[in-house]
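Quick notes on the structure that follows.
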Amino acid sequence: MSIFGEVPQAAPVAVFKLTADFREDQNPSKVNLGVGAYRTDECQPWVLPVVRKVEKMIADDHSLNHEYLPILGLPEFRSSASKIALGADSPAIKENRVGAVQCLGGTGALKIGAEFLRRWYNGTDNTKTPVYVSAPTWENHNAVFSNAGFEEIRPYKYWDAGKRGLDLEGFLGDLESAPDHSIFVLHACAHNPTGTDPTQDQWKQIADVMKRKSLFAFFDSAYQGFASGNLDKDAWAVRYFVSQGFELFCAQSFSKNFGLYNERVGNLTVVAEDQDNLNRVLSQMEKIVRITWSNPPSQGARLVAITLNTPELFAEWKDNVKTMADRVLLMRAQLKEKLKALGTPGTWEHITEQIGMFSFTGLNPKQVEYMVKEKHIYLMASGRINMCGLTTKNIDYVAESIHEAVTTVQ
Amino acid sequence: MALLKTSKFISSVGSLTPSLATLPIRASSWWTEVQMGPPDPILGVTEAYKRDTNSKKMNLGVGAYRDDNGKPYVLSCVRKAEALIASKAMDKEYLTIGGLGEFNKACAELALGLDSEVLKSKRSVTVQTISGTGSLRVGANFLSRFHTVAKDVYLPKPSWGNHTPIFRDAGMQLKAYRYYDPATCGFDFTGALDDISKIPEHSVIMLHACAHNPTGVDPRQEQWKELSDVIKKRNLLVFFDMAYQGFASGDIDRDAWAVRYFIEQGHNVLLSQSFAKNMGLYGERVGGFTVVCADAEEAKRVESQLKILIRPIYSNPPMNGARIASTILNTPDLRSTWLEEVKGMADRIIKMREMLVANLKKEGSTHNWQHVIDQIGMFCFTGLKPEQVERLTKEFSVYMTKDGRISVAGVTSGNVGYLAHAIHQVTK
């Protein structure tokens, strides 16, 4: 009689199941608009030229070894990554109140931040502090915080399906009605899955309420540089909050903007009121890291650190990032044009107003099913598409299919 | 929802700026109540060592292999694998949650043996993990969620320091069974059998597959057989931690003997593997977690649940190290080079043990130091008392942990004489 006899089969993670189904599909016209990874116009993964260059540098440097990194990670990675988020001239950095933990991707950064907050924020081991995530949000946010022990994960209004944009009123309303000290997970830019970001003015309004009600800002920054093509522009919200005196966390991912998906390169930037508080926070995060993965993987962090800390390489990286952002912007523009030209019912302005990798098309579940089953175009049930999956070769087929879905399926 | 320690907050802020006492604008830190975490005892050893200016200083706290010049050692099979991988210019797409398939397969085969019935019937699942720690953590989380019939995990006394907080944080309760006998600096076999025979049914028992950390004391094969019997009688769930396969005796099959024997005896074990030491891939974080199940169908269910556990921690594992390990294990000439090199590391450790004892004899020590040779793997429980350890550090700049544990990897033919001299001085 097995001790695991009662273990139920878990449902597969939706986004990976989508890719698995896509792979099995034999139809020659198939298109994968599911999982969030960049693709070239030939629909191929793209290893950034600067990454190939630095990889070779690392491989050729036989003075390097594979020794353990410190628990908190590679120091030159942590500091340069935080500079990327906050700006090299950040007053908070100058004031020695910014620290970081190298983590396994953005997920790992969220995890360490969540575990720390559950233990030490708003009392000790206060599992009842509500954590608010946007409606909708990246589906793993819920699991990260609930697995860290938080008992109350709540949605805050964000996406207005009717007007296909930000429900600012709803958002501000939920901020007002949230209990003081609640934790809010904010997407720094290129909101996943909607691609809809607050404007600078809207961010100011959000920050005002959060400050007044002592709400904790936990930024998720997975697309810096990738959204607009400009690192500083994409970091505006985080930097604004810092300038307003918030103590905050920013979970950074270098999966997309460095194309280092499988090396799990992330950074949890911590902004505290002063160095003393910062040090105590980091010392406790160290304990959490030790019982989770002991110390982080070295390859990806080395690569990013070398790139960020070498002027010519840094410039080349920014250029590579802009290449990716520009292609996405081009696909957005072209998709909108084609839908307009087809006379597809509805407004499609949101396709170019939204930003980053994803677009919430507004297709309903039945229409999505039609796209997948009849047209072999794979997208999430929410209607989310990955713009990177579009190419000059398939964009007509996709536009026509969207047109069919909208006009024939209610 | 109560405000955070309102009165305390207001009084501390109010003393600075009276007006702020009325308006709760956050002018002081969220983290005022956060205590400074205690320093890691082992890291502390290395830090103190770094500060020491004595040219003869020795760091015997380090848990990483060093060559006979005291330097980190990158295996040539690793360099070759890296060159091979670089030449293929692969992409960097996400791995699946369970990790690199070819690595998982090779990892399981290495531990269980190619001819394992478990592998033939596909009744196990192996997922790639963040080295040994990550593997233990996933295992602990899995037990906490699905092994609801018992909450207790029994560790050998002593065990790796990080076992306890990992299992505790996952929600398990920690207990111990006798293991190390300080009187003999060896295995307390009767004590272990006695304690294990009283463990409540269904409890989890952690076994170090080889090269016990921190003592270096391993059961002999006949002793493992009796342990297996009593564990089976008590119906305990076995969790093997194998962080030193190949590194202990120099022979990968010999080091995996206990794991394979237990499986043959019908224990459906949990197994954590690390490639940090045996491939020198420390910082690349290469490991595996295996669950041996009743059948293939159960293995699929367990696999699906492991993915659900992993996703909210780090989504999917890092590629680099797993790709290197997989390349080595799956490329015949790299694999044979690896086997030679891991034997080379094990042999050097064994030689240092022998030289230390020989030098202690030469110094005129009359103590019985046989345990230094009998123990196996990276670590040695010298039997030194805390006061003696303190003298070693203060008078001779020899750094080690208070429990008398030394990392034999830190001993070289160049400094073994000095070490013997120092030990003799504090023990004569």
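All residue names refer to the structure tokens as shown: chains lettered A, B, ... in order, residues numbered from 1 in each chain, ligands numbered from 1 in order.
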Test item: chain A residues at most 7 Å from chain B, counting only C-alpha atoms, as an mmCIF file with C-alpha atoms, in the first residue's frame:
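The new file out.cif reads:
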data_model
loop_
_atom_site.group_PDB
_atom_site.id
_atom_site.type_symbol
_atom_site.label_atom_id
_atom_site.label_comp_id
_atom_site.auth_asym_id
_atom_site.auth_seq_id
_atom_site.Cartn_x
_atom_site.Cartn_y
_atom_site.Cartn_z
ATOM 1 C CA SER A 2 1.838 3.099 -1.187
ATOM 2 C CA VAL A 7 -1.618 11.870 -4.269
ATOM 3 C CA PRO A 8 -3.902 13.371 -6.904
ATOM 4 C CA GLN A 9 -2.807 14.225 -10.407
ATOM 5 C CA ALA A 10 -2.242 17.968 -10.534
ATOM 6 C CA PRO A 45 14.663 32.287 -30.038
ATOM 7 C CA VAL A 47 20.406 34.886 -27.967
ATOM 8 C CA ASN A 65 36.035 28.634 -11.307
ATOM 9 C CA HIS A 66 32.723 27.215 -10.123
ATOM 10 C CA GLU A 67 33.040 27.947 -6.409
ATOM 11 C CA TYR A 68 29.990 28.797 -4.330
ATOM 12 C CA LEU A 69 28.723 32.345 -4.551
ATOM 13 C CA LEU A 104 16.518 32.558 -9.232
ATOM 14 C CA GLY A 105 14.765 34.708 -11.792
ATOM 15 C CA THR A 107 10.020 34.230 -9.457
ATOM 16 C CA GLY A 108 12.819 33.612 -6.984
ATOM 17 C CA LYS A 111 9.614 34.250 -3.354
ATOM 18 C CA TRP A 120 8.807 40.233 9.484
ATOM 19 C CA ASN A 122 3.398 44.136 9.951
ATOM 20 C CA GLY A 123 4.234 42.199 13.077
ATOM 21 C CA ASN A 140 2.054 32.549 -10.436
ATOM 22 C CA ALA A 143 0.914 30.773 -5.600
ATOM 23 C CA VAL A 144 4.121 32.563 -4.597
ATOM 24 C CA PRO A 179 -6.651 47.699 5.301
ATOM 25 C CA ASP A 180 -3.668 49.875 6.145
ATOM 26 C CA ARG A 212 -1.385 57.836 3.128
ATOM 27 C CA SER A 214 0.940 52.891 4.622
ATOM 28 C CA GLY A 259 17.201 36.737 -23.020
ATOM 29 C CA LEU A 260 18.699 34.627 -20.223
ATOM 30 C CA TYR A 261 15.497 32.728 -19.500
ATOM 31 C CA ASN A 262 17.005 29.414 -18.484
ATOM 32 C CA GLU A 263 19.877 30.748 -16.400
ATOM 33 C CA ARG A 264 17.448 32.140 -13.807
ATOM 34 C CA GLU A 273 15.006 53.909 5.296
ATOM 35 C CA ASN A 277 17.499 48.701 8.759
ATOM 36 C CA ARG A 280 19.043 43.665 9.380
ATOM 37 C CA VAL A 281 16.627 42.952 6.550
ATOM 38 C CA SER A 283 20.606 39.300 7.319
ATOM 39 C CA GLN A 284 17.155 37.776 7.655
ATOM 40 C CA ILE A 291 16.931 27.027 3.607
ATOM 41 C CA THR A 292 15.583 27.480 0.080
ATOM 42 C CA TRP A 293 18.541 27.124 -2.289
ATOM 43 C CA SER A 294 21.614 27.936 -0.102
ATOM 44 C CA PRO A 297 23.656 29.982 -9.605
ATOM 45 C CA SER A 298 26.730 31.707 -10.865
ATOM 46 C CA GLN A 299 26.703 31.653 -14.669
#
Open item on the list: With only C-alpha atoms as the counted atoms, please give the residues lying no more than 9 Å from Gly383 (chain A), apart from itself and same-chain residues fewer than 2 positions off, as a PyMOL selection string.
Closed with: chain A and resi 359-365+367-368+379-381+385
TODO: Mind checking which residues fall within 6 Å of region 85-98 of chain A, counting only C-alpha atoms, ignoring those fewer than 2 positions away in the same chain, and posting them as a list in words?
DONE: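 That gives Ser82, Lys83, Arg239, Val270, Val271, Ala272, Asp274 and Gln275 of chain A.
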Task: Exercise: Lys225 (chain B) partners within 9 Å, only C-alpha atoms, chain neighbours under 5 positions left out, as a ChimeraX atom specification - done: /B:220,230,258,261-262
Dump of C-alpha atoms for the selected residues, as a CSV table (one decimal), in the first residue's frame:
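Below is the file part_32.csv, written as the result:
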chain,number,residue,atom,x,y,z
B,220,ARG,CA,29.6,-0.9,7.0
B,230,VAL,CA,14.7,-2.6,11.4
B,258,ALA,CA,23.3,1.7,0.5
B,261,TYR,CA,20.4,-2.0,-1.4
B,262,PHE,CA,17.5,-0.3,0.3
Open item on the list: Can you tell me which residues surround region 217-220 of chain A at a distance of at most 6 Å, considering only C-alpha atoms, apart from same-chain residues fewer than 3 positions away, and format the answer as a list in words?
Closed with: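 Returned residues: Phe184, Val185, Leu186, His187, Ala188, Leu248, Phe249, Cys250 and Ala251 of chain A.
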Task: Contacts of Lys402 (chain B) at 9 Å (only C-alpha atoms; same-chain gap of 4+ positions) as a list of chain:residue names - done: B:Leu384, B:Lys385, B:Pro386, B:Glu387, B:Val389, B:Glu390
Go ahead and dump the residues you just picked, N, CA, C and O atoms, as a PDB file, in the first residue's frame.
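See out34.pdb below for the written result:
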ATOM      1  N   LEU B 384      38.483  16.392  18.883  1.00  0.00           N
ATOM      2  CA  LEU B 384      39.016  17.511  19.655  1.00  0.00           C
ATOM      3  C   LEU B 384      37.891  18.224  20.391  1.00  0.00           C
ATOM      4  O   LEU B 384      36.800  18.393  19.865  1.00  0.00           O
ATOM      5  N   LYS B 385      38.211  18.655  21.617  1.00  0.00           N
ATOM      6  CA  LYS B 385      37.222  19.356  22.415  1.00  0.00           C
ATOM      7  C   LYS B 385      37.268  20.850  22.094  1.00  0.00           C
ATOM      8  O   LYS B 385      38.282  21.347  21.609  1.00  0.00           O
ATOM      9  N   PRO B 386      36.175  21.567  22.416  1.00  0.00           N
ATOM     10  CA  PRO B 386      36.107  23.007  22.112  1.00  0.00           C
ATOM     11  C   PRO B 386      37.327  23.795  22.611  1.00  0.00           C
ATOM     12  O   PRO B 386      37.822  24.678  21.905  1.00  0.00           O
ATOM     13  N   GLU B 387      37.822  23.453  23.822  1.00  0.00           N
ATOM     14  CA  GLU B 387      38.975  24.208  24.337  1.00  0.00           C
ATOM     15  C   GLU B 387      40.199  23.959  23.477  1.00  0.00           C
ATOM     16  O   GLU B 387      41.025  24.848  23.261  1.00  0.00           O
ATOM     17  N   VAL B 389      40.124  23.113  20.299  1.00  0.00           N
ATOM     18  CA  VAL B 389      39.881  23.803  19.025  1.00  0.00           C
ATOM     19  C   VAL B 389      40.246  25.273  19.159  1.00  0.00           C
ATOM     20  O   VAL B 389      40.889  25.861  18.281  1.00  0.00           O
ATOM     21  N   GLU B 390      39.856  25.851  20.284  1.00  0.00           N
ATOM     22  CA  GLU B 390      40.143  27.276  20.500  1.00  0.00           C
ATOM     23  C   GLU B 390      41.648  27.526  20.512  1.00  0.00           C
ATOM     24  O   GLU B 390      42.132  28.500  19.926  1.00  0.00           O
TER      25      GLU B 390
END
TODO: Can you list, as an MDAnalysis selection string, all residues belonging to region 110-294 of chain B that DSSP tags as alpha helix (DSSP H)?
DONE: chainID B and resid 110:112 117:120 131:146 163:169 189:196 221:233 252:255 257:264
Task: region 317-329 of chain A surroundings by only C-alpha atoms, 6 Å radius, close-in-sequence under 4 positions cut, as a PyMOL selection string - done: chain A and resi 50+226+229
Open item on the list: Could you check the closest approach to Met242 (chain B) for each of B:Ser407, B:Gln425, B:Ser336, B:Thr290 and tell me which residue wins, using only C-alpha atoms?
Closed with: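 The closest residue to Met242 (chain B) is B:Thr290.
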Task: strand (DSSP E or B) per DSSP on the backbone: members of region 16-223 of chain A, as JSON, numbers by chain - done: {"A": [31, 32, 98, 99, 100, 101, 102, 103, 104, 131, 132, 133, 134, 135, 153, 154, 155, 156, 157, 159, 160, 165, 166, 183, 184, 185, 186, 187, 216, 217, 218, 219, 220, 221]}
Mind dumping the selected residues with C-alpha atoms as a compact mmCIF listing (two decimals), in the first residue's frame?
# COMPACT_ATOMS: atom_id res chain seq x y z
CA VAL A 31 1.30 29.95 -34.54
CA ASN A 32 2.37 30.04 -30.89
CA VAL A 98 19.76 50.07 -1.06
CA GLY A 99 20.67 46.39 -0.99
CA ALA A 100 19.83 43.31 -2.98
CA VAL A 101 19.58 39.56 -3.01
CA GLN A 102 20.51 37.64 -6.17
CA CYS A 103 17.65 35.22 -6.80
CA LEU A 104 16.52 32.56 -9.23
CA VAL A 131 -1.68 40.69 -0.28
CA TYR A 132 -3.28 42.40 -3.26
CA VAL A 133 -2.55 41.38 -6.82
CA SER A 134 -3.98 43.02 -9.93
CA ALA A 135 -7.05 41.58 -11.64
CA ILE A 153 -4.57 37.02 -1.46
CA ARG A 154 -7.05 39.53 -2.88
CA PRO A 155 -7.52 41.09 -6.31
CA TYR A 156 -7.41 44.83 -6.91
CA LYS A 157 -9.33 46.23 -9.85
CA TRP A 159 -8.29 45.84 -16.22
CA ASP A 160 -11.41 47.42 -17.58
CA GLY A 165 -7.78 49.94 -20.52
CA LEU A 166 -6.87 50.71 -16.94
CA ILE A 183 0.87 44.55 0.55
CA PHE A 184 0.32 45.52 -3.09
CA VAL A 185 2.10 43.75 -5.93
CA LEU A 186 2.65 46.36 -8.62
CA HIS A 187 3.86 45.70 -12.16
CA PHE A 216 3.58 48.24 1.04
CA ALA A 217 4.80 48.54 -2.54
CA PHE A 218 6.23 45.28 -3.94
CA PHE A 219 7.22 45.94 -7.53
CA ASP A 220 7.51 43.14 -10.07
CA SER A 221 9.88 44.35 -12.79
TODO: In Å, rounded to a single decimal, give me how far CA of Asp152 (chain B) is from CA of Gln173 (chain B).
DONE: 4.7 Å
Give me, as CSV, each residue of region 143-205 of chain A that comes within 10 Å of region 334-350 of chain A, together with its shortest interatomic pair and the distance in Å at one decimal, counting only C-alpha atoms, with rows ordered by chain and rising residue number.
residue,atom,partner,partner_atom,distance
A:Lys163,CA,A:His350,CA,9.1
A:Arg164,CA,A:His350,CA,6.6
A:Gly165,CA,A:His350,CA,7.3
A:Thr194,CA,A:His350,CA,9.8
A:Gly195,CA,A:His350,CA,9.0
A:Thr196,CA,A:His350,CA,8.5
Task: Atom-to-atom span, CA of Ile395 (chain A) and CA of Gly36 (chain A), Å - done: 17.6 Å
